[in-house]
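Dropping coords-v7.cif in here (mmCIF, C-alpha atoms and all ligand atoms):
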data_model
loop_
_atom_site.label_atom_id
_atom_site.label_comp_id
_atom_site.auth_asym_id
_atom_site.auth_seq_id
_atom_site.Cartn_x
_atom_site.Cartn_y
_atom_site.Cartn_z
CA MET A 107 -26.87 24.83 46.87
CA GLU A 108 -27.64 22.28 44.22
CA ASP A 109 -30.60 19.98 44.14
CA THR A 110 -32.10 17.52 41.72
CA ALA A 111 -35.55 18.27 40.41
CA PRO A 112 -38.14 15.61 41.07
CA LYS A 113 -38.77 13.65 37.90
CA ARG A 114 -42.14 14.32 36.35
CA ALA A 115 -43.47 12.67 33.24
CA PRO A 116 -42.34 14.41 30.06
CA ILE A 117 -44.95 16.41 28.17
CA ILE A 118 -45.37 14.95 24.71
CA PHE A 119 -47.51 16.43 21.99
CA ASP A 120 -47.51 16.18 18.18
CA GLY A 121 -44.35 14.06 18.17
CA MET A 122 -42.36 16.48 20.31
CA THR A 123 -41.25 16.60 23.93
CA LEU A 124 -42.16 20.00 25.35
CA PRO A 125 -40.50 22.20 27.97
CA PRO A 126 -42.39 22.05 31.28
CA PHE A 127 -44.06 25.48 31.25
CA LYS A 128 -47.31 25.55 33.19
CA PRO A 129 -49.70 26.05 30.24
CA LEU A 130 -48.07 23.12 28.43
CA ARG A 131 -48.08 20.99 31.57
CA GLU A 132 -51.79 21.75 32.07
CA ASP A 133 -52.96 21.15 28.49
CA ALA A 134 -50.40 21.31 25.70
CA GLU A 135 -52.88 20.85 22.88
CA LYS A 136 -55.06 23.69 24.18
CA ARG A 137 -52.08 26.07 24.28
CA PHE A 138 -50.88 25.01 20.83
CA ARG A 139 -54.36 25.69 19.42
CA GLU A 140 -54.54 29.04 21.21
CA ILE A 141 -51.26 30.02 19.57
CA ARG A 142 -52.37 28.78 16.16
CA ASN A 143 -55.57 30.84 16.48
CA LEU A 144 -53.93 33.87 18.08
CA GLU A 145 -55.36 37.23 17.11
CA CYS A 146 -52.43 38.98 15.51
CA ARG A 147 -51.63 42.54 14.54
CA ALA A 148 -50.12 43.33 11.17
CA ASP A 149 -46.94 44.63 12.80
CA ASP A 150 -46.36 41.78 15.26
CA VAL A 151 -42.88 40.31 15.02
CA ILE A 152 -42.43 36.64 15.93
CA LEU A 153 -39.04 35.21 16.74
CA ALA A 154 -39.09 31.46 16.04
CA THR A 155 -36.24 29.29 17.16
CA TYR A 156 -35.34 25.72 17.87
CA PRO A 157 -34.27 25.70 21.56
CA LYS A 158 -30.69 26.72 22.43
CA SER A 159 -30.19 28.60 19.16
CA GLY A 160 -29.75 32.08 20.62
CA THR A 161 -33.36 33.09 21.31
CA HIS A 162 -32.54 35.28 24.32
CA TRP A 163 -29.82 37.07 22.39
CA ILE A 164 -31.76 37.87 19.24
CA TRP A 165 -34.89 38.75 21.23
CA GLU A 166 -32.97 41.42 23.15
CA VAL A 167 -31.49 42.77 19.90
CA VAL A 168 -34.94 42.90 18.28
CA CYS A 169 -36.43 44.64 21.33
CA MET A 170 -33.69 47.28 21.28
CA LEU A 171 -34.16 47.86 17.56
CA ILE A 172 -37.91 48.26 18.00
CA LYS A 173 -37.46 50.71 20.91
CA GLY A 174 -34.59 52.51 19.19
CA SER A 175 -32.82 52.36 22.54
CA THR A 176 -30.10 50.31 24.18
CA GLU A 177 -31.95 49.93 27.43
CA TYR A 178 -32.41 46.28 28.37
CA MET A 179 -35.92 44.96 28.70
CA LYS A 180 -36.65 44.55 32.40
CA GLU A 181 -38.78 41.58 31.48
CA VAL A 182 -37.24 38.20 30.76
CA LYS A 183 -37.70 36.88 27.23
CA GLU A 184 -40.25 34.40 28.58
CA PHE A 185 -42.56 37.36 29.27
CA LEU A 186 -43.45 37.24 25.57
CA PHE A 187 -42.89 33.52 25.04
CA LEU A 188 -46.15 32.25 23.58
CA GLU A 189 -45.95 28.77 25.12
CA ALA A 190 -45.37 30.09 28.64
CA ILE A 191 -47.47 33.25 29.09
CA PRO A 192 -50.01 32.32 31.79
CA ASP A 193 -52.93 34.04 30.03
CA LEU A 194 -52.34 34.65 26.33
CA GLY A 195 -55.11 37.27 26.33
CA ALA A 196 -52.78 39.49 28.37
CA ILE A 197 -50.73 40.37 25.30
CA GLU A 198 -53.70 42.33 23.92
CA SER A 199 -52.80 45.20 26.22
CA LEU A 200 -49.22 45.46 24.94
CA ARG A 201 -48.03 48.26 22.73
CA SER A 202 -47.24 47.55 19.06
CA PRO A 203 -45.06 46.26 17.60
CA ARG A 204 -45.03 43.22 19.88
CA PRO A 205 -41.79 41.19 19.82
CA LEU A 206 -43.28 37.75 20.50
CA ASN A 207 -41.22 34.59 20.60
CA THR A 208 -41.80 30.86 20.35
CA HIS A 209 -40.14 27.47 19.87
CA LEU A 210 -43.17 26.14 17.98
CA PRO A 211 -42.62 24.59 14.56
CA TYR A 212 -43.89 26.49 11.54
CA ARG A 213 -47.03 24.36 11.23
CA TRP A 214 -48.20 25.76 14.58
CA MET A 215 -47.39 29.42 13.92
CA PRO A 216 -50.40 31.77 14.29
CA LYS A 217 -52.49 31.40 11.12
CA GLN A 218 -53.47 35.04 11.10
CA HIS A 219 -49.86 36.18 11.34
CA ILE A 220 -49.00 34.14 8.26
CA GLU A 221 -52.07 35.42 6.37
CA ASN A 222 -51.11 38.98 7.33
CA GLY A 223 -47.62 38.46 5.93
CA GLY A 224 -46.45 39.27 9.45
CA LYS A 225 -42.73 39.24 10.13
CA ILE A 226 -41.07 36.05 11.36
CA ILE A 227 -37.41 35.85 12.34
CA HIS A 228 -36.05 32.31 12.33
CA VAL A 229 -32.71 31.84 14.10
CA ILE A 230 -30.62 28.81 13.17
CA ARG A 231 -27.58 27.54 15.06
CA ASN A 232 -25.48 24.57 14.00
CA PRO A 233 -26.90 21.38 15.52
CA LYS A 234 -23.64 20.22 17.12
CA ASP A 235 -23.45 23.33 19.32
CA VAL A 236 -27.22 23.18 19.89
CA ALA A 237 -26.81 19.61 21.14
CA VAL A 238 -24.05 20.60 23.58
CA SER A 239 -25.99 23.62 24.82
CA MET A 240 -29.13 21.54 25.30
CA TYR A 241 -27.25 18.77 27.06
CA TYR A 242 -25.96 21.24 29.66
CA HIS A 243 -29.37 22.85 29.97
CA TYR A 244 -30.89 19.47 30.84
CA LEU A 245 -28.01 18.60 33.13
CA THR A 246 -28.05 21.85 35.13
CA SER A 247 -31.82 21.92 35.40
CA GLY A 248 -31.84 18.37 36.79
CA VAL A 249 -33.58 16.61 33.90
CA PHE A 250 -30.55 14.32 33.67
CA ASN A 251 -28.58 12.83 36.50
CA LYS A 252 -24.95 13.89 36.67
CA ASP A 253 -23.77 10.57 35.25
CA PHE A 254 -25.85 10.91 32.08
CA THR A 255 -23.20 11.33 29.39
CA PHE A 256 -23.20 13.59 26.35
CA GLU A 257 -22.79 10.51 24.17
CA LYS A 258 -26.01 9.01 25.56
CA PHE A 259 -27.81 12.28 24.99
CA LEU A 260 -26.58 12.63 21.42
CA THR A 261 -27.31 9.07 20.38
CA ASN A 262 -30.55 8.43 22.25
CA ILE A 263 -32.26 11.78 22.58
CA PHE A 264 -31.06 14.57 20.31
CA CYS A 265 -32.71 14.47 16.87
CA GLY A 266 -35.56 12.27 18.03
CA PRO A 267 -39.00 12.89 19.55
CA ALA A 268 -37.57 12.75 23.11
CA CYS A 269 -35.64 15.96 22.41
CA ALA A 270 -37.13 19.34 23.26
CA MET A 271 -39.36 20.29 20.31
CA GLY A 272 -38.45 17.07 18.51
CA SER A 273 -35.78 16.72 15.87
CA TRP A 274 -33.61 19.72 14.94
CA TYR A 275 -33.71 18.55 11.32
CA ASP A 276 -37.52 18.47 11.13
CA TYR A 277 -37.69 21.88 12.73
CA VAL A 278 -35.24 23.75 10.52
CA ARG A 279 -36.35 21.99 7.32
CA GLU A 280 -39.97 22.97 7.97
CA TYR A 281 -38.94 26.64 8.30
CA GLU A 282 -36.70 26.31 5.27
CA ARG A 283 -39.65 25.10 3.16
CA ALA A 284 -41.80 27.94 4.50
CA ALA A 285 -39.09 30.48 3.60
CA GLU A 286 -38.85 29.08 0.08
CA GLN A 287 -42.60 29.47 -0.38
CA ASP A 288 -42.74 32.90 1.22
CA GLN A 289 -43.58 35.32 -1.60
CA ARG A 290 -43.72 38.41 0.60
CA GLY A 291 -40.31 38.30 2.22
CA ALA A 292 -41.94 37.88 5.61
CA LEU A 293 -39.71 35.09 6.88
CA PHE A 294 -36.16 36.14 7.66
CA THR A 295 -33.40 33.69 8.55
CA VAL A 296 -30.58 34.64 10.92
CA TYR A 297 -27.64 32.34 11.58
CA TYR A 298 -26.23 32.37 15.12
CA GLU A 299 -22.73 31.97 13.68
CA ASN A 300 -23.06 35.01 11.40
CA MET A 301 -24.34 37.03 14.31
CA LYS A 302 -21.22 36.01 16.27
CA LYS A 303 -18.81 36.69 13.42
CA ARG A 304 -20.34 39.87 12.01
CA PRO A 305 -22.72 41.24 14.65
CA GLN A 306 -22.78 44.75 13.20
CA GLU A 307 -23.68 43.61 9.70
CA GLU A 308 -26.28 41.11 10.90
CA THR A 309 -27.92 43.60 13.25
CA LYS A 310 -28.15 46.05 10.35
CA ARG A 311 -29.80 43.36 8.23
CA LEU A 312 -32.27 42.74 11.01
CA ALA A 313 -33.07 46.47 11.26
CA LYS A 314 -33.64 46.60 7.50
CA PHE A 315 -35.95 43.60 7.63
CA LEU A 316 -37.92 45.29 10.41
CA ASN A 317 -38.06 48.55 8.39
CA ILE A 318 -36.26 50.35 11.19
CA GLU A 319 -33.92 53.26 10.53
CA ALA A 320 -30.95 52.75 12.83
CA SER A 321 -27.76 54.79 12.86
CA ASP A 322 -24.39 53.03 12.83
CA LYS A 323 -23.90 54.28 16.38
CA LEU A 324 -27.15 52.72 17.57
CA ILE A 325 -26.27 49.44 15.85
CA ALA A 326 -22.79 49.43 17.43
CA ASP A 327 -24.26 50.19 20.87
CA ILE A 328 -26.84 47.40 20.54
CA VAL A 329 -24.12 44.95 19.53
CA GLU A 330 -22.09 45.94 22.59
CA LYS A 331 -25.04 45.77 25.01
CA CYS A 332 -26.05 42.38 23.61
CA SER A 333 -22.62 40.78 23.80
CA PHE A 334 -22.61 37.49 25.68
CA GLU A 335 -20.77 38.94 28.69
CA ASN A 336 -23.02 41.97 29.00
CA MET A 337 -26.21 39.97 28.62
CA LYS A 338 -25.03 37.51 31.22
CA VAL A 339 -24.61 40.35 33.71
CA ALA A 340 -27.91 41.99 32.70
CA ASP A 341 -29.68 38.69 33.23
CA LYS A 342 -28.68 38.81 36.89
CA THR A 343 -28.88 42.52 37.55
CA ILE A 344 -31.69 43.88 35.37
CA LYS A 345 -34.14 41.13 34.54
CA ASP A 346 -37.16 40.40 36.67
CA GLN A 347 -36.47 36.72 37.29
CA SER A 348 -39.47 36.40 39.59
CA TYR A 349 -41.57 36.03 36.43
CA MET A 350 -40.10 32.56 35.95
CA ASP A 351 -41.91 31.36 39.10
CA LYS A 352 -45.21 32.27 37.45
CA ILE A 353 -44.61 30.15 34.39
CA ILE A 354 -42.78 27.11 35.67
CA ASP A 355 -43.45 25.06 38.80
CA VAL A 356 -40.65 25.23 41.35
CA GLY A 357 -40.40 21.43 41.39
CA GLU A 358 -39.78 21.22 37.62
CA VAL A 359 -36.22 22.57 37.67
CA ALA A 360 -33.30 22.03 39.97
CA ARG A 361 -31.40 24.89 41.56
CA SER A 362 -27.85 25.00 40.34
CA SER A 363 -24.82 27.21 40.79
CA GLN A 364 -24.05 26.68 37.08
CA PRO A 365 -25.62 29.07 34.57
CA VAL A 366 -28.39 27.37 32.57
CA MET A 367 -28.86 30.06 29.97
CA TYR A 368 -25.60 32.05 29.63
CA ARG A 369 -23.11 29.19 29.62
CA LYS A 370 -20.40 29.88 27.00
CA GLY A 371 -22.01 31.58 24.01
CA VAL A 372 -19.41 30.46 21.47
CA ILE A 373 -19.17 28.68 18.12
CA GLY A 374 -17.51 25.27 18.16
CA ASP A 375 -17.78 24.10 21.76
CA TRP A 376 -18.97 20.82 20.19
CA LYS A 377 -15.29 20.04 19.50
CA ASN A 378 -14.81 19.59 23.23
CA HIS A 379 -17.63 17.05 23.43
CA PHE A 380 -17.77 15.00 20.22
CA THR A 381 -15.40 12.05 19.94
CA VAL A 382 -14.09 11.31 16.45
CA ALA A 383 -16.54 8.40 16.14
CA LEU A 384 -19.52 10.46 17.32
CA ASN A 385 -18.58 13.20 14.92
CA GLU A 386 -18.30 10.87 11.95
CA GLN A 387 -21.67 9.35 12.70
CA PHE A 388 -23.22 12.79 13.15
CA ASP A 389 -21.74 14.08 9.87
CA LYS A 390 -23.09 11.06 7.99
CA ASP A 391 -26.55 11.60 9.38
CA PHE A 392 -26.32 15.33 8.70
CA GLN A 393 -25.40 14.74 5.04
CA GLU A 394 -28.37 12.44 4.58
CA LYS A 395 -30.93 14.64 6.29
CA MET A 396 -29.68 17.93 4.82
CA ASN A 397 -28.98 16.44 1.40
CA ASN A 398 -31.18 18.82 -0.63
CA SER A 399 -31.11 21.73 1.78
CA ASN A 400 -29.89 25.21 0.86
CA LEU A 401 -29.27 26.25 4.46
CA HIS A 402 -25.72 27.43 5.21
CA ILE A 403 -25.00 25.63 8.44
CA GLN A 404 -21.62 26.61 9.87
CA PHE A 405 -19.89 24.42 12.42
CA GLU A 406 -17.05 26.85 13.08
S1 LIG A 501 -33.51 28.70 25.15
O1 LIG A 501 -33.44 28.05 26.49
O2 LIG A 501 -33.90 27.71 24.14
O3 LIG A 501 -34.36 29.87 25.12
O4 LIG A 501 -32.00 29.15 24.87
P1 LIG A 501 -31.52 30.16 23.74
O5 LIG A 501 -31.59 31.54 24.23
O6 LIG A 501 -32.19 29.88 22.44
O7 LIG A 501 -29.99 29.72 23.56
C1 LIG A 501 -29.08 29.73 24.63
C2 LIG A 501 -27.69 29.73 24.04
O8 LIG A 501 -27.43 31.03 23.46
C3 LIG A 501 -26.24 31.56 24.03
N1 LIG A 501 -26.31 33.02 24.11
C4 LIG A 501 -25.48 33.83 23.44
N2 LIG A 501 -24.48 33.56 22.58
C5 LIG A 501 -23.80 34.61 22.08
N3 LIG A 501 -24.07 35.90 22.41
C6 LIG A 501 -25.05 36.21 23.27
N4 LIG A 501 -25.30 37.46 23.59
C7 LIG A 501 -25.81 35.14 23.83
N5 LIG A 501 -26.84 35.09 24.69
C8 LIG A 501 -27.12 33.78 24.86
C9 LIG A 501 -26.23 30.93 25.42
O9 LIG A 501 -24.97 31.07 26.02
C10 LIG A 501 -26.61 29.49 25.09
O10 LIG A 501 -25.56 28.79 24.42
P2 LIG A 501 -24.44 27.93 25.18
O11 LIG A 501 -23.66 27.28 24.08
O12 LIG A 501 -25.14 26.95 26.04
O13 LIG A 501 -23.61 28.89 25.95
#

Translate this structure into structure tokens?
Ligand code: PPS
Amino acid sequence: MEDTAPKRAPIIFDGMTLPPFKPLREDAEKRFREIRNLECRADDVILATYPKSGTHWIWEVVCMLIKGSTEYMKEVKEFLFLEAIPDLGAIESLRSPRPLNTHLPYRWMPKQHIENGGKIIHVIRNPKDVAVSMYYHYLTSGVFNKDFTFEKFLTNIFCGPACAMGSWYDYVREYERAAEQDQRGALFTVYYENMKKRPQEETKRLAKFLNIEASDKLIADIVEKCSFENMKVADKTIKDQSYMDKIIDVGEVARSSQPVMYRKGVIGDWKNHFTVALNEQFDKDFQEKMNNSNLHIQFE
């Protein structure tokens, strides 16, 4: 059964359009300030991602590394998603280290976490695949009508303030600057594409960054458990999806038979959606905006 979600006004704050989680719907500025002023522990780990960059994937990997076990978290990733947690004070009762996650830009990251030199993992995915993934997310959750084309999305929404969390460029460049200024090695960058191509090696790098001793067997088992196919099944069979009803109003998202989160999980699906003209225009824009960037964005 498919339905179309009733249209509600977008939530806009600090030049960004925000996902419709209840705390943001109620008072976005209040939640942003609560996050900025969050009481942090020295060993908190914060996963920071632009939407559709592989947050669910890397969060599960990080959780398994922290636990030293390949058991899936029963909780959905949103259970520790700073923007969505109904009462942020609830995380005080959690055991350390806490694998928190957020889509907030660096300027809104918890001050205390930064002062502590607390660990931040920033996941980057190439913006063409992010755009495709986000387009389908909006389409399946009823934000767009079925006749809203990818071309319209790319030209009118993606990379502007109407896009979730604003422009991809602003987001990744802000984290890039923070990483360049980070003297303590607290900000770690993971590329979605590297994780796809060399999951073993990248998972080992993550373990090292987290100061976790992990055997090759544990790393291999985590890679297997966190493959796209296995996570897609776990999402349906293991995760407590009822939590989503606590953090998002039923009327905000449409029901759909299409998967919103575990759609394809590949590199390069953009090739099936960009026309030659769209691609040329995108590449031109990309060159200009990433002109002096040292990020290694991989489109295939
Ligand atoms: S969200 O809504 O912003 O939290 O989404 P996010 O989790 O950041 O990104 C969703 C995309 O990540 C893909 N995904 C994976 N790819 C590879 N391996 C694994 N295990 C995996 N898990 C999730 C997911 O399929 C979404 O990408 P698309 O291209 O839409 O399939």

- Message: Need the shell around Asp149 in chain A: protein/DNA/RNA residues with any atom at most 9 Å away, counting all atoms listed in the file. Skip same-chain ones fewer than 3 positions apart. Format as a list in words?
- Response: Cys146, Ser202, Pro203, Arg204, Asn222, Gly224 and Lys225 of chain A

Tell me, counting all atoms listed in the file, for each residue of chain A within 6 Å of ligand LIG 501 (chain A), which pair of atoms is nearest and how far apart they are in Å to one decimal, in rows ordered by chain and increasing number, as JSON lines.
{"residue": "A:Pro157", "atom": "CA", "partner": "A:LIG501", "partner_atom": "O2", "distance": 3.3}
{"residue": "A:Lys158", "atom": "CA", "partner": "A:LIG501", "partner_atom": "O7", "distance": 3.3}
{"residue": "A:Ser159", "atom": "CA", "partner": "A:LIG501", "partner_atom": "O6", "distance": 4.0}
{"residue": "A:Gly160", "atom": "CA", "partner": "A:LIG501", "partner_atom": "O6", "distance": 3.8}
{"residue": "A:Thr161", "atom": "CA", "partner": "A:LIG501", "partner_atom": "O6", "distance": 3.6}
{"residue": "A:His162", "atom": "CA", "partner": "A:LIG501", "partner_atom": "O5", "distance": 3.9}
{"residue": "A:Trp163", "atom": "CA", "partner": "A:LIG501", "partner_atom": "N5", "distance": 4.3}
{"residue": "A:Ser239", "atom": "CA", "partner": "A:LIG501", "partner_atom": "O12", "distance": 3.6}
{"residue": "A:Cys332", "atom": "CA", "partner": "A:LIG501", "partner_atom": "N4", "distance": 5.0}
{"residue": "A:Ser333", "atom": "CA", "partner": "A:LIG501", "partner_atom": "N4", "distance": 4.3}
{"residue": "A:Phe334", "atom": "CA", "partner": "A:LIG501", "partner_atom": "N4", "distance": 3.4}
{"residue": "A:Met337", "atom": "CA", "partner": "A:LIG501", "partner_atom": "N4", "distance": 5.7}
{"residue": "A:Met367", "atom": "CA", "partner": "A:LIG501", "partner_atom": "C9", "distance": 5.3}
{"residue": "A:Tyr368", "atom": "CA", "partner": "A:LIG501", "partner_atom": "O9", "distance": 3.8}
{"residue": "A:Arg369", "atom": "CA", "partner": "A:LIG501", "partner_atom": "O13", "distance": 3.7}
{"residue": "A:Lys370", "atom": "CA", "partner": "A:LIG501", "partner_atom": "O13", "distance": 3.5}
{"residue": "A:Gly371", "atom": "CA", "partner": "A:LIG501", "partner_atom": "N2", "distance": 3.5}
{"residue": "A:Val372", "atom": "CA", "partner": "A:LIG501", "partner_atom": "O11", "distance": 5.9}

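Distance-wise, CA of Glu145 in chain A and CA of Glu181 in chain A end up 22.4 Å apart.
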
- Give me the residues within 9 Å of Phe185 in chain A as a PyMOL selection string, counting only C-alpha atoms and dropping any in the same chain fewer than 3 places off. chain A and resi 181-182+188+190-191+206+349-350

- Item | From A:Gln393, A:Gly374, A:Arg131, A:Glu166, residue lying nearest Lys180 in chain A [only C-alpha atoms] | A:Glu166

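Using all atoms listed in the file, the protein and nucleic acid residues lying no more than 8 Å from Pro125 in chain A, apart from those fewer than 3 places from it along its own chain, are Ile117, Leu130, Ala270 and Met271 of chain A.
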
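Among A:Asn300, A:Asn336, A:Thr208, A:Thr176, the residue with the shortest atom-to-atom distance to Asn232 in chain A, counting all atoms listed in the file, is A:Asn300.
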
- Task: List every protein, DNA or RNA residue that has an atom no more than 10 Å from (-39.9, 29.5, 11.1) in the file's coordinate frame, counting all atoms listed in the file, and report them as a PyMOL selection string.
- Result: chain A and resi 152-156+208-215+226-230+277-285+293-295

- Query: In Å, with one decimal, what is the gap from CA of Ile164 in chain A to CA of Arg137 in chain A?
  - Reply: 24.0 Å

- Message: At a cut-off of 9 Å around the point (-37.2, 24.8, 37.7) (file coordinates), what residues fall inside when counting only C-alpha atoms? I'd like the answer as a VMD selection string.
- Response: chain A and resid 111 126 247 to 248 350 to 351 354 to 361

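Using all atoms listed in the file, the smallest distance between any of A:Tyr298, A:Phe380, A:Phe138, A:Phe119 and Ala268 in chain A comes from A:Phe119.
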
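The environment of Ala237 in chain A within 9 Å, counting all atoms listed in the file and disregarding residues fewer than 6 places along the same chain, consists of A:Lys158, A:Phe256, A:Phe259, A:Leu260, A:Phe264, A:Cys265, A:Trp376.
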
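Distances to Cys169 in chain A were evaluated for A:Met396, A:Lys352, A:Glu286, A:Leu316 using only C-alpha atoms, and the minimum falls at A:Leu316.
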
- With distances taken over all atoms listed in the file, the candidate from A:Ala383, A:Asn378, A:Thr343, A:Val329 nearest Ser175 in chain A is A:Val329

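Interatomic distance, CA of Met122 in chain A against CA of Thr246 in chain A: 21.3 Å.
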